[in-house]
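Below is data22.txt, holding compact mmCIF, C-alpha atoms.
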```
# COMPACT_ATOMS: atom_id res chain seq x y z
CA MET A 1 0.00 0.00 0.00
CA SER A 2 1.06 3.56 -0.58
CA HIS A 3 2.92 5.49 2.07
CA GLY A 4 1.79 8.92 0.95
CA THR A 5 0.96 11.56 3.53
CA LEU A 6 -2.52 12.98 4.02
CA ALA A 7 -3.38 16.64 3.36
CA VAL A 8 -6.53 18.66 2.71
CA GLN A 9 -7.15 21.04 -0.18
CA LEU A 10 -8.29 24.35 1.31
CA TYR A 11 -10.73 24.94 -1.55
CA SER A 12 -12.92 22.43 0.32
CA VAL A 13 -13.70 25.07 2.96
CA MET A 14 -13.29 28.24 0.92
CA ASP A 15 -16.40 29.97 2.26
CA ALA A 16 -15.42 29.26 5.85
CA LEU A 17 -11.90 30.56 5.16
CA GLN A 18 -13.29 33.81 3.83
CA ALA A 19 -15.42 34.23 6.94
CA ASP A 20 -12.80 33.24 9.53
CA ARG A 21 -9.49 31.90 8.25
CA PRO A 22 -7.72 31.44 11.62
CA GLY A 23 -10.74 29.66 13.07
CA THR A 24 -11.18 27.48 9.99
CA LEU A 25 -7.53 26.40 9.97
CA ALA A 26 -7.71 25.66 13.68
CA ARG A 27 -10.78 23.51 13.05
CA LEU A 28 -8.99 21.52 10.34
CA ALA A 29 -6.09 20.99 12.73
CA ALA A 30 -8.50 19.86 15.45
CA ILE A 31 -9.92 17.25 13.04
CA GLY A 32 -6.38 15.91 12.82
CA PHE A 33 -5.01 17.33 9.57
CA ARG A 34 -1.32 18.26 9.67
CA HIS A 35 -0.88 19.51 6.10
CA VAL A 36 -2.93 21.61 3.71
CA GLU A 37 -2.79 22.45 0.01
CA PRO A 38 -3.72 26.10 -0.55
CA PHE A 39 -5.58 27.09 -3.69
CA ALA A 40 -4.25 29.85 -5.93
CA LEU A 41 -3.79 33.16 -4.09
CA GLY A 42 -4.46 35.14 -7.25
CA LEU A 43 -4.58 35.13 -11.02
CA TRP A 44 -1.63 35.28 -13.42
CA ASN A 45 -1.96 39.08 -13.55
CA THR A 46 -2.26 39.66 -9.79
CA PRO A 47 0.52 42.10 -8.72
CA PRO A 48 3.49 40.20 -7.25
CA ASP A 49 3.55 42.27 -4.06
CA GLU A 50 -0.11 41.43 -3.49
CA LEU A 51 0.58 37.71 -3.96
CA ALA A 52 3.50 37.83 -1.54
CA ALA A 53 1.47 39.71 1.06
CA SER A 54 -1.32 37.13 0.78
CA ALA A 55 1.17 34.29 1.19
CA ARG A 56 2.78 35.89 4.25
CA ALA A 57 -0.62 36.44 5.89
CA LEU A 58 -1.62 32.84 5.18
CA ARG A 59 1.69 31.58 6.57
CA VAL A 60 1.03 33.41 9.85
CA ASP A 61 -2.37 31.73 10.20
CA LEU A 62 -0.96 28.32 9.21
CA ASP A 63 1.78 28.62 11.82
CA GLU A 64 -0.79 29.53 14.46
CA ALA A 65 -2.70 26.33 13.61
CA ASN A 66 0.55 24.31 13.36
CA LEU A 67 -0.22 23.30 9.76
CA GLY A 68 2.34 22.55 7.08
CA VAL A 69 1.93 22.93 3.32
CA SER A 70 2.04 19.88 1.05
CA SER A 71 1.96 21.70 -2.27
CA MET A 72 0.42 24.78 -3.80
CA HIS A 73 -2.06 25.57 -6.57
CA ILE A 74 -0.79 28.55 -8.55
CA ALA A 75 -1.30 30.74 -11.60
CA VAL A 76 1.40 31.08 -14.26
CA SER A 77 2.11 34.28 -16.16
CA ALA A 78 3.84 34.57 -19.52
CA ASP A 79 6.64 36.49 -17.84
CA SER A 80 8.89 35.80 -14.88
CA GLN A 81 7.96 33.02 -12.47
CA THR A 82 9.52 34.94 -9.57
CA PRO A 83 6.11 35.49 -7.89
CA VAL A 84 5.48 31.72 -7.83
CA ILE A 85 8.95 31.09 -6.41
CA GLU A 86 8.38 33.64 -3.65
CA ILE A 87 4.96 32.22 -2.75
CA CYS A 88 6.35 28.69 -2.51
CA ARG A 89 9.26 29.82 -0.36
CA ILE A 90 7.00 31.76 1.99
CA LEU A 91 4.63 28.82 2.37
CA GLY A 92 7.39 26.24 2.63
CA THR A 93 6.75 23.96 -0.33
CA ASP A 94 8.78 22.94 -3.37
CA THR A 95 5.80 21.72 -5.43
CA ALA A 96 3.26 23.82 -7.33
CA PHE A 97 0.40 22.68 -9.56
CA VAL A 98 -1.54 24.53 -12.23
CA PRO A 99 -5.10 23.44 -11.41
CA ILE A 100 -6.94 24.67 -14.52
CA PRO A 101 -5.93 26.19 -17.88
CA TRP A 102 -7.40 29.65 -17.30
CA LEU A 103 -4.86 30.19 -14.53
CA VAL A 104 -2.20 30.26 -17.25
CA ASP A 105 -1.83 33.57 -19.09
CA GLY A 106 -3.56 33.38 -22.48
CA PHE A 107 -5.28 30.00 -22.04
CA ASP A 108 -8.62 28.51 -21.00
CA GLU A 109 -10.45 25.19 -21.26
CA ARG A 110 -10.99 25.71 -25.00
CA SER A 111 -7.23 25.62 -25.44
CA LEU A 112 -7.46 21.85 -25.02
CA GLU A 113 -9.90 21.39 -27.90
CA THR A 114 -7.32 21.48 -30.73
CA HIS A 115 -3.85 20.06 -31.29
CA ASP A 116 -2.42 23.55 -31.73
CA GLY A 117 -3.99 24.68 -28.48
CA VAL A 118 -2.69 21.67 -26.55
CA ARG A 119 0.77 22.15 -28.06
CA ALA A 120 0.85 25.82 -27.06
CA PHE A 121 -0.39 25.05 -23.56
CA ALA A 122 2.21 22.31 -23.08
CA GLY A 123 4.90 24.69 -24.31
CA ARG A 124 3.94 27.32 -21.76
CA LEU A 125 3.96 24.78 -18.93
CA ASN A 126 7.33 23.40 -20.05
CA THR A 127 8.86 26.88 -20.11
CA ALA A 128 7.48 27.73 -16.67
CA ALA A 129 8.64 24.37 -15.30
CA ARG A 130 12.20 25.00 -16.50
CA ASP A 131 12.21 28.48 -14.96
CA LEU A 132 10.92 27.17 -11.64
CA ALA A 133 13.30 24.21 -11.61
CA ARG A 134 16.25 26.59 -11.52
CA ALA A 135 14.89 27.81 -8.18
CA GLY A 136 14.24 24.29 -6.87
CA ILE A 137 10.47 24.41 -7.47
CA ARG A 138 8.73 21.52 -9.25
CA LEU A 139 5.76 22.39 -11.46
CA GLY A 140 2.87 20.08 -12.22
CA TYR A 141 -0.63 19.97 -13.68
CA HIS A 142 -3.88 18.95 -11.98
CA ASN A 143 -6.67 17.39 -14.06
CA HIS A 144 -10.40 17.88 -14.05
CA HIS A 145 -12.68 16.09 -16.55
CA PHE A 146 -12.43 18.21 -19.70
CA GLU A 147 -8.85 17.12 -20.45
CA TRP A 148 -10.35 13.94 -21.92
CA ALA A 149 -12.21 15.85 -24.61
CA ARG A 150 -11.69 14.38 -28.06
CA LEU A 151 -9.49 16.33 -30.43
CA PRO A 152 -10.52 16.55 -34.11
CA ASP A 153 -8.55 13.36 -34.91
CA GLY A 154 -10.18 11.45 -32.05
CA ALA A 155 -7.24 11.54 -29.64
CA HIS A 156 -7.82 12.57 -26.04
CA ALA A 157 -6.37 15.96 -25.18
CA PHE A 158 -5.10 14.44 -21.92
CA ASP A 159 -2.88 11.92 -23.71
CA VAL A 160 -1.55 14.45 -26.20
CA LEU A 161 -0.80 16.93 -23.42
CA TRP A 162 1.21 14.48 -21.36
CA ASP A 163 3.12 13.31 -24.42
CA LEU A 164 4.13 16.93 -25.04
CA LEU A 165 4.98 17.87 -21.46
CA ASP A 166 8.60 17.51 -20.39
CA PRO A 167 9.27 14.46 -18.18
CA GLU A 168 10.03 16.80 -15.28
CA VAL A 169 6.47 18.18 -15.25
CA LEU A 170 4.57 16.45 -12.44
CA ALA A 171 0.99 15.24 -12.25
CA GLU A 172 -1.60 15.65 -9.55
CA VAL A 173 -4.32 13.13 -10.39
CA ASP A 174 -7.85 13.97 -9.31
CA VAL A 175 -9.27 10.46 -9.23
CA TYR A 176 -12.85 11.69 -8.96
CA TRP A 177 -12.73 13.95 -12.01
CA ALA A 178 -10.94 11.27 -14.00
CA ALA A 179 -13.86 8.95 -13.26
CA VAL A 180 -16.36 11.67 -14.19
CA ALA A 181 -14.60 11.78 -17.56
CA GLY A 182 -15.24 8.06 -17.96
CA GLN A 183 -11.68 7.06 -17.15
CA ASP A 184 -10.38 4.42 -14.75
CA PRO A 185 -8.18 6.24 -12.20
CA VAL A 186 -6.01 3.14 -11.93
CA GLU A 187 -5.22 3.30 -15.65
CA VAL A 188 -4.59 7.05 -15.45
CA LEU A 189 -2.06 6.51 -12.66
CA LYS A 190 -0.41 3.70 -14.63
CA ARG A 191 -0.17 5.92 -17.69
CA LEU A 192 1.53 8.73 -15.74
CA GLY A 193 3.81 6.50 -13.68
CA GLU A 194 6.10 8.23 -11.22
CA ARG A 195 5.28 11.63 -12.71
CA ALA A 196 2.18 11.42 -10.52
CA VAL A 197 3.30 12.61 -7.10
CA SER A 198 -0.07 13.64 -5.65
CA ALA A 199 -3.70 12.52 -5.82
CA HIS A 200 -6.94 14.29 -4.96
CA LEU A 201 -9.24 11.85 -3.21
CA LYS A 202 -13.02 12.17 -2.98
CA ASP A 203 -16.02 9.96 -3.61
CA GLY A 204 -19.54 10.14 -4.95
CA PRO A 205 -21.59 9.18 -8.01
CA ALA A 206 -18.85 10.22 -10.49
CA GLU A 207 -21.17 12.53 -12.38
CA ARG A 208 -20.88 16.24 -13.06
CA ASP A 209 -22.79 18.63 -10.80
CA THR A 210 -23.65 15.98 -8.21
CA PRO A 211 -22.88 16.08 -4.48
CA GLN A 212 -19.83 14.23 -3.21
CA THR A 213 -20.17 11.75 -0.37
CA PRO A 214 -17.84 10.12 2.19
CA ILE A 215 -15.01 8.03 0.83
CA GLY A 216 -16.19 4.45 0.55
CA THR A 217 -19.82 5.33 -0.23
CA GLY A 218 -19.57 6.24 -3.92
CA ASP A 219 -18.34 4.91 -7.25
CA ILE A 220 -14.61 5.65 -6.87
CA ASP A 221 -12.34 2.72 -5.99
CA ILE A 222 -9.84 4.74 -4.01
CA PRO A 223 -8.07 1.71 -2.49
CA ALA A 224 -7.36 0.40 -6.00
CA ALA A 225 -6.01 3.77 -7.08
CA LEU A 226 -3.69 4.00 -4.09
CA ARG A 227 -2.51 0.41 -4.55
CA THR A 228 -1.43 1.50 -8.01
CA GLY A 229 0.01 4.86 -6.96
CA THR A 230 2.38 3.48 -4.35
CA HIS A 231 4.86 6.23 -5.26
CA LEU A 232 2.43 9.07 -4.50
CA ARG A 233 3.90 11.51 -2.03
CA TRP A 234 0.64 13.22 -1.08
CA HIS A 235 -2.94 12.04 -0.61
CA ILE A 236 -5.13 15.12 -0.63
CA THR A 237 -8.76 14.95 0.37
CA GLU A 238 -10.99 17.57 -1.23
CA ILE A 239 -14.63 18.54 -1.61
CA ASP A 240 -16.02 20.33 -4.64
CA GLN A 241 -19.76 19.95 -4.07
CA THR A 242 -21.64 18.34 -1.20
CA GLU A 243 -24.90 18.52 0.71
CA ALA A 244 -23.10 17.46 3.89
CA ASN A 245 -21.34 19.60 6.46
CA ARG A 246 -17.93 20.13 4.88
CA PHE A 247 -15.93 19.71 8.07
CA GLU A 248 -17.80 16.53 8.96
CA LEU A 249 -17.24 15.15 5.45
CA LEU A 250 -13.52 15.94 5.58
CA ALA A 251 -13.31 14.25 8.99
CA ALA A 252 -15.09 11.18 7.61
CA ASN A 253 -12.77 11.06 4.61
CA ARG A 254 -9.72 11.35 6.83
CA GLN A 255 -10.97 8.52 9.03
CA ALA A 256 -11.79 6.29 6.07
CA LEU A 257 -8.32 6.71 4.60
CA LEU A 258 -6.52 6.17 7.90
CA SER A 259 -8.63 3.27 9.16
CA GLY A 260 -8.19 1.50 5.84
CA GLY A 261 -4.43 1.84 6.07
CA LEU A 262 -4.49 3.85 2.85
CA THR A 263 -2.49 6.87 3.99
CA LEU A 264 -0.26 8.30 6.69
CA PRO A 265 -1.47 11.19 8.88
```
With the file now loaded, output its structure as structure tokens.
Amino acid sequence: MSHGTLAVQLYSVMDALQADRPGTLARLAAIGFRHVEPFALGLWNTPPDELAASARALRVDLDEANLGVSSMHIAVSADSQTPVIEICRILGTDTAFVPIPWLVDGFDERSLETHDGVRAFAGRLNTAARDLARAGIRLGYHNHHFEWARLPDGAHAFDVLWDLLDPEVLAEVDVYWAAVAGQDPVEVLKRLGERAVSAHLKDGPAERDTPQTPIGTGDIDIPAALRTGTHLRWHITEIDQTEANRFELLAANRQALLSGGLTLP
């Protein structure tokens, strides 16, 4: 079984963070979480000093709650990656993921609908990854469902993208969204191999716009995915949509993963 470490994506409790960030982080720590993955602190055109100030303020609150940072979701500009480097250093992580195309300057989901668009997007990520690597930061990409759209020749954008990305570009596999796209998360992890260093774990009916449920109660075979991804460094529980109390659902997910011997706290 995998020996990855558990974390929680802060997007799961975004509304609570906006209302009371110190209290929300303290509540996550009280549940038993020791690491978090912050979502992007701004867009690719957010002023660098504003990004740095946001990161420093978040770091203060994380320290108060005794929470570490697993990795970071970030935006990538067409210019210098210095703002990303500074954010990662402030927050204490060497791993950053682009979570969606529109957080990359000049791109959006439609960029993955043509071969030219996928090629341009991969080129931008490769350039940013090389720039960040010189500062000791590893860049990766996080999937949703639309990456498996068919290109005009029938190929999946996902496969073309990963063929074009440099081997050093990492993957964060969202097993739920892969299943929503009709894919087997086990096969996705096999395809990516050791490039996959992190997985987002959640459960539910594997359909778009439907509430997520506790791990072990839906259609996602998370144990099978983690048996395949034995090299995963991070296991990140996340909620996109739910009808449940978000803190209670995160606590249930944490317990399911730990009691099943699927992760380390």
Option closest in space to Asp131 in chain A, from A:Thr114, A:Thr93, A:Thr242, A:Ser80 [counting all atoms listed in the file]:
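Distance minimum relative to Asp131 in chain A lands on A:Ser80.
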Nearest candidate to Pro152 in chain A (options A:Glu64, A:Ala178, A:Asp116, A:Ala129; using all atoms listed in the file):
A:Asp116
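Atom pair CA of Arg27 in chain A / CA of Ser198 in chain A: separated by 23.7 Å.
Among A:Leu164, A:Ile90, A:Glu113, A:Arg130, the residue with the shortest atom-to-atom distance to Val60 in chain A, counting only C-alpha atoms, is A:Ile90.
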Could you name the residues that touch Pro48 in chain A at 7 Å or less, counting all atoms listed in the file, but leaving out those on the same chain fewer than 3 positions away, as a list in words?
Leu51, Ala52 and Pro83 of chain A
